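Student: Have a look at this one.
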2 protein chains.
Amino acid sequence: MSKELLTWMEPALSLAMPALGVLAIGLAAATAAQAADPLPSWSDTAAKKAIVEFVTRVTAEGSPDFVPAAERIAVFDNDGTLWSERPLPFQAVFALDRIKALAPQHPEWKEQEPFASLLKGDLKAALAGGERAVLQVLMAGHAGMTTDEFTKIVEDWISTARHPKTGRLYTEMVYQPMLELLAYFRSNGFKTFIVSGGGIEFMRPWAEKVYGIPPEQVVGSSIKTKYEVRDGKPILVRLPETNFIDDQAGKPVGIHKYIGRRPIFAFGNSDGDFEMLEYTTSAPGPRLGLIVHHDDGEREYAYDRKSSVGRLDRGLDEAAQRGWVLVSMKDDWRQVYDAGHR
Amino acid sequence: MSKELLTWMEPALSLAMPALGVLAIGLAAATAAQAADPLPSWSDTAAKKAIVEFVTRVTAEGSPDFVPAAERIAVFDNDGTLWSERPLPFQAVFALDRIKALAPQHPEWKEQEPFASLLKGDLKAALAGGERAVLQVLMAGHAGMTTDEFTKIVEDWISTARHPKTGRLYTEMVYQPMLELLAYFRSNGFKTFIVSGGGIEFMRPWAEKVYGIPPEQVVGSSIKTKYEVRDGKPILVRLPETNFIDDQAGKPVGIHKYIGRRPIFAFGNSDGDFEMLEYTTSAPGPRLGLIVHHDDGEREYAYDRKSSVGRLDRGLDEAAQRGWVLVSMKDDWRQVYDAGHR
């Protein structure tokens with residue numbers, strides 16, 4: 001029952017017989033309880049209970065586990081944790097689209113790997129060159145322009161490109177339960193940060209609108225930039241040079257570099273998040289680590305130990321002994337995406 | 001007149017004759033006006049007017065210059081802007097104290113420059129080796145331990161070391177007008193950041209307590225760190241390798257890297273802040289840049305164009321044409337330090 005409806009009914013109820021009044025009070029109480037659930041897309045399972053119990057505990061003033069608001073730092077991986085990463089990590093799709101868009105200006109790419117294979121659509125052959133090939137692709141499309149120009153390129157892509165399976169915009173491939181969780185943490189005085197292996201400048205242009213996370217709370221991988229004054233106008237030029245890789249053991253380094261304070265809560269989905277969870281949960285005081293387990297082939301994708309993207313192997317083995325909570329997408333989430341966009 | 005005194009007088013006033021009542025109302029209004037001045041240590045000069053006018057303008061909803069709270073980013077240099085930097089930048093004193101503390105474990109330093117000269121107290125000879133010598137000194141005392149160990153070293157030093165001229169703790173050498181300004185900006189929805197050439201890990205341990213600026217809003221120079229698990233405990237080891245120098249043209253790079261959004265307000269004091277002010281103020285929309293001019297040899301220090309520390313030369317030449325406001329420590333500040341500690 002909506003609040004509007006209750007308000008509308010109020011005059012009628014006040015004139016009605018006492019029994020109806022009692023009924024109305026019962027209805028209002030039920031409505032309030034439902035409205036008060038900040039995590040409606042989470043099933044009432046152990047995962048949700050662990051989260052709510054943790055937040056209640058660290059925010060209860062006077063409790064031995066109380067954590068002052070300034071120290072309530074919560075970190076979230078992005079790919080596979082806040083939004084999907086299948087069939088390809090979305091930034092990889094963006095990088096491929098960049099190569100296609102730039103190809104007319106680079107006729108030499110027809111003969112040059114990894115570009116030649118990429119342009120023929122043979123991703124496997126293109127990536128045979130390993131990390132060097134990936135870097136070449138990234139640098140070709142991500143560097144050489146100003147930061148403002150790159151932001152515009154990202155904004156244009158993210159507002160038009162669509163997921164091959166669902167036909168949704170990529171920003172509509174964010175997980176509804178995680179949006180609720182971010183809001184729930186913030187309403188309890190937490191500061192929410194993204195700590196992703198993805199490009200920091202790829203996420204910042206839309207993270208605030210989509211996740212409510214401002215640019216200064218996005219940590220990610222980056223290339224170097226250089227300050228220049230061009231025609232009297234200050235600009236930052238993106239250089240084809242890696243600055244920082246925010247993945248695996250790089251995640252605690254990135255957290256320390258950008259946040260400067262150890263989080264008390266971390267949420268990941270793959271072994272790329274292992275060290276972030278380890279760093280977050282291996283210290284005194286109340287701490288919680290969670291892992292999204294992609295076990296829902298019907299509503300999303302099912303993958304873990306053997307996946308090339310988002311592999312979760314060591315995390316599955318060690319979650320129990322480390323006290324990390326595995327979140328089953330299938331059993332713990334009532335819905336995966338925002339129903340409004342389904 | 002204090003609020004306590006007014007409260008205490010209240011019963012008497014209520015019984016007194018009407019004329020006294022009118023007087024009391026007049027007094028109360030004057031007290032309220034004084035209490036309402038968020039910048040009492042600033043003289044009523046052009047600098048203060050420019051600041052208040054700017055803040056009023058960007059926070060007035062419906063005004064063409066209104067800036068949403070999320071975009072109200074204000075950046076402040078630290079050395080010479082938020083606290084003093086004389087006779088030596090305080091982190092240089094810390095670095096020298098580190099060398100003295102470590103000398104017993106390094107008998108070879110007696111023969112090895114720049115350490116030999118430093119230990120003899122000959123700073124000039126020690127720094128004859130230029131940037132390389134400075135880096136050697138920094139790395140010797142700042143690297144090789146865990147980040148937690150370094151934080152403890154900084155905390156111990158900052159809570160005991162005292163300024164050679166005033167005898168105050170260094171954290172009592174912060175400028176009272178700037179403390180008021182930081183609070184004023186925050187109470188108007190701004191997010192305040194430090195953007196300093198100083199070490200990020202040297203500032204973070206005390207910046208929150210002293211300035212109200214949390215670690216995640218401190219940008220500075222840094223060395224690299226490495227994640228390790230030692231005896232089952234995750235640690236970050238500080239490596240003797242420069243990660244980032246947040247000075248001059250590095251400041252806009254640092255702002256972009258850490259904040260990811262162009263500030264609308266910048267406050268510096270030396271030509272090391274020139275590019276930060278240029279980047280902040282050279283874009284559309286309301287923007288303000290200010291420079292502390294150290295012209296108060298009596299209450300602090302007087303230095304600008306020819307100083308080796310905190311040189312202000314180009315900034316003095318170009319402030320007027322760029323619309324930057326020069327703040328005269330002598331004329332624009334009623335007091336320099338917190339009177340309670342004088």
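In the structure tokens, chains take the letters A, B, ... in the order shown, each chain's residues start at 1, and ligands count up from 1 in the order shown.
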Do a neighbour search on Lys233 of chain A at 12 Å with only C-alpha atoms, toss out local chain neighbours closer than 3 positions, and write the hits as a PDB file with N, CA and C atoms, in the first residue's frame.
Tutor:
```pdb
ATOM      1  N   THR A 146      43.239  14.424 -24.615  1.00  0.00           N
ATOM      2  CA  THR A 146      43.176  15.053 -23.295  1.00  0.00           C
ATOM      3  C   THR A 146      42.200  14.258 -22.415  1.00  0.00           C
ATOM      4  N   TYR A 227      50.559  17.542 -17.616  1.00  0.00           N
ATOM      5  CA  TYR A 227      49.931  18.858 -17.642  1.00  0.00           C
ATOM      6  C   TYR A 227      50.579  19.730 -18.707  1.00  0.00           C
ATOM      7  N   GLU A 228      49.739  20.397 -19.496  1.00  0.00           N
ATOM      8  CA  GLU A 228      50.238  21.286 -20.545  1.00  0.00           C
ATOM      9  C   GLU A 228      49.310  22.484 -20.657  1.00  0.00           C
ATOM     10  N   VAL A 229      49.865  23.592 -21.107  1.00  0.00           N
ATOM     11  CA  VAL A 229      49.017  24.727 -21.457  1.00  0.00           C
ATOM     12  C   VAL A 229      49.052  24.846 -22.980  1.00  0.00           C
ATOM     13  N   ARG A 230      47.892  24.571 -23.592  1.00  0.00           N
ATOM     14  CA  ARG A 230      47.804  24.571 -25.054  1.00  0.00           C
ATOM     15  C   ARG A 230      46.894  25.722 -25.473  1.00  0.00           C
ATOM     16  N   LEU A 236      45.211  18.220 -19.563  1.00  0.00           N
ATOM     17  CA  LEU A 236      45.960  17.043 -19.127  1.00  0.00           C
ATOM     18  C   LEU A 236      45.924  16.054 -20.286  1.00  0.00           C
TER      19      LEU A 236
ATOM     20  N   GLU B 275      50.623  26.142 -11.124  1.00  0.00           N
ATOM     21  CA  GLU B 275      49.832  25.323 -12.061  1.00  0.00           C
ATOM     22  C   GLU B 275      48.501  24.882 -11.442  1.00  0.00           C
ATOM     23  N   GLU B 278      46.337  27.855 -11.787  1.00  0.00           N
ATOM     24  CA  GLU B 278      46.034  28.032 -13.207  1.00  0.00           C
ATOM     25  C   GLU B 278      44.968  27.033 -13.664  1.00  0.00           C
ATOM     26  N   TYR B 279      45.167  25.759 -13.296  1.00  0.00           N
ATOM     27  CA  TYR B 279      44.232  24.697 -13.684  1.00  0.00           C
ATOM     28  C   TYR B 279      42.845  24.950 -13.071  1.00  0.00           C
ATOM     29  N   THR B 280      42.839  25.387 -11.822  1.00  0.00           N
ATOM     30  CA  THR B 280      41.573  25.606 -11.117  1.00  0.00           C
ATOM     31  C   THR B 280      40.788  26.775 -11.695  1.00  0.00           C
ATOM     32  N   THR B 281      41.504  27.832 -12.045  1.00  0.00           N
ATOM     33  CA  THR B 281      40.783  29.056 -12.403  1.00  0.00           C
ATOM     34  C   THR B 281      40.590  29.259 -13.903  1.00  0.00           C
ATOM     35  N   SER B 282      41.222  28.430 -14.739  1.00  0.00           N
ATOM     36  CA  SER B 282      41.105  28.622 -16.201  1.00  0.00           C
ATOM     37  C   SER B 282      40.057  27.709 -16.798  1.00  0.00           C
ATOM     38  N   ALA B 283      38.839  27.860 -16.399  1.00  0.00           N
ATOM     39  CA  ALA B 283      37.748  27.080 -16.980  1.00  0.00           C
ATOM     40  C   ALA B 283      36.478  27.882 -16.768  1.00  0.00           C
ATOM     41  N   PRO B 284      35.407  27.556 -17.507  1.00  0.00           N
ATOM     42  CA  PRO B 284      34.172  28.331 -17.355  1.00  0.00           C
ATOM     43  C   PRO B 284      33.577  28.178 -15.955  1.00  0.00           C
TER      44      PRO B 284
END
```
Student: Would you list, as a list in words, the residues of segment 278-323 of chain A that end up in strand (DSSP E or B) under DSSP run on this structure's backbone?
Tutor: Leu288, Gly289, Leu290, Ile291, Val292, His293, Asp295 and Ala302 of chain A
Student: Near Tyr258 of chain B, counting only C-alpha atoms, which residues have an atom at most 8 Å away, once you skip same-chain residues fewer than 6 positions from it, shown as JSON, numbers by chain?
Tutor: {"A": [216, 258], "B": [219]}
Student: Please measure the separation of atom CA of Arg168 of chain B and atom CA of Asp271 of chain B, giving the value in Å to one decimal.
Tutor: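 Computing it gives 27.4 Å between the two atoms.
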Student: Select, from A:Lys224, A:Asp313, A:Val292, A:Phe265, the residue with the minimum atom-to-atom distance to Met145 of chain A, counting only C-alpha atoms.
Tutor: A:Lys224
Student: Name all residues at most 7 Å from segment 205-213 of chain B (count only C-alpha atoms; drop same-chain ones fewer than 5 positions away) and give them as a list in words.
Tutor: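 Neighbouring residues, sequence-local ones excluded: Thr151, Glu155, Thr171, Leu179, Thr192 and Phe193 of chain B.
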Student: Out of A:Pro104, A:Gly144, A:Gly189, A:Pro177, which residue has the shortest atom-to-atom distance to Thr56 of chain A when counting only C-alpha atoms?
Tutor: A:Gly189
Student: Could you please determine the separation between atom CA of Phe190 of chain B and atom CA of Val75 of chain A in Å, to one decimal place?
Tutor: 23.3 Å
Student: Between atom CA of Glu180 of chain B and atom CA of Leu82 of chain B, what is the distance, to one decimal in Å?
Tutor: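 That distance, rounded to one decimal, is 10.7 Å.
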Student: Could you list, as a list in words, every residue within 8 Å of segment 94-101 of chain A, counting only C-alpha atoms and ignoring same-chain residues fewer than 3 positions away?
Tutor: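 Those residues are Phe90, Gln91, Pro104, Phe115, Leu118, Leu119, Val137, Leu138, Ala140, Gly141, His142 and Trp157 of chain A.
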Student: Those selected residues, please, written with N, CA, C and O atoms and delivered as an mmCIF file, in the first residue's frame.
Tutor:
```cif
data_model
loop_
_atom_site.group_PDB
_atom_site.id
_atom_site.type_symbol
_atom_site.label_atom_id
_atom_site.label_comp_id
_atom_site.auth_asym_id
_atom_site.auth_seq_id
_atom_site.Cartn_x
_atom_site.Cartn_y
_atom_site.Cartn_z
ATOM 1 N N PHE A 90 33.119 -5.184 -19.689
ATOM 2 C CA PHE A 90 32.549 -4.140 -20.543
ATOM 3 C C PHE A 90 33.609 -3.164 -21.050
ATOM 4 O O PHE A 90 33.485 -2.603 -22.126
ATOM 5 N N GLN A 91 34.654 -2.959 -20.256
ATOM 6 C CA GLN A 91 35.700 -2.052 -20.748
ATOM 7 C C GLN A 91 36.461 -2.676 -21.918
ATOM 8 O O GLN A 91 36.998 -1.959 -22.762
ATOM 9 N N PRO A 104 39.908 3.466 -39.435
ATOM 10 C CA PRO A 104 40.061 4.226 -40.693
ATOM 11 C C PRO A 104 41.284 5.153 -40.689
ATOM 12 O O PRO A 104 41.864 5.398 -41.744
ATOM 13 N N PHE A 115 45.991 -5.747 -33.837
ATOM 14 C CA PHE A 115 44.869 -5.025 -34.460
ATOM 15 C C PHE A 115 44.227 -5.790 -35.620
ATOM 16 O O PHE A 115 43.005 -5.813 -35.757
ATOM 17 N N LEU A 118 41.929 -8.434 -34.375
ATOM 18 C CA LEU A 118 40.789 -7.781 -33.717
ATOM 19 C C LEU A 118 39.782 -7.303 -34.736
ATOM 20 O O LEU A 118 38.574 -7.505 -34.597
ATOM 21 N N LEU A 119 40.293 -6.631 -35.765
ATOM 22 C CA LEU A 119 39.394 -6.047 -36.761
ATOM 23 C C LEU A 119 38.686 -7.137 -37.568
ATOM 24 O O LEU A 119 37.602 -6.907 -38.099
ATOM 25 N N VAL A 137 46.333 -2.581 -27.285
ATOM 26 C CA VAL A 137 44.947 -2.247 -27.628
ATOM 27 C C VAL A 137 44.448 -1.109 -26.738
ATOM 28 O O VAL A 137 43.840 -0.141 -27.205
ATOM 29 N N LEU A 138 44.740 -1.240 -25.444
ATOM 30 C CA LEU A 138 44.290 -0.212 -24.507
ATOM 31 C C LEU A 138 44.905 1.142 -24.848
ATOM 32 O O LEU A 138 44.211 2.155 -24.944
ATOM 33 N N ALA A 140 46.222 2.238 -27.593
ATOM 34 C CA ALA A 140 45.815 2.790 -28.893
ATOM 35 C C ALA A 140 44.511 3.571 -28.770
ATOM 36 O O ALA A 140 44.343 4.622 -29.385
ATOM 37 N N GLY A 141 43.600 3.066 -27.940
ATOM 38 C CA GLY A 141 42.288 3.708 -27.858
ATOM 39 C C GLY A 141 42.108 4.600 -26.655
ATOM 40 O O GLY A 141 41.183 5.412 -26.608
ATOM 41 N N HIS A 142 42.964 4.433 -25.636
ATOM 42 C CA HIS A 142 42.761 5.141 -24.373
ATOM 43 C C HIS A 142 43.721 6.307 -24.179
ATOM 44 O O HIS A 142 43.524 7.115 -23.277
ATOM 45 N N TRP A 157 29.980 6.571 -25.472
ATOM 46 C CA TRP A 157 29.872 5.115 -25.597
ATOM 47 C C TRP A 157 28.883 4.548 -24.581
ATOM 48 O O TRP A 157 27.996 3.773 -24.920
#
```
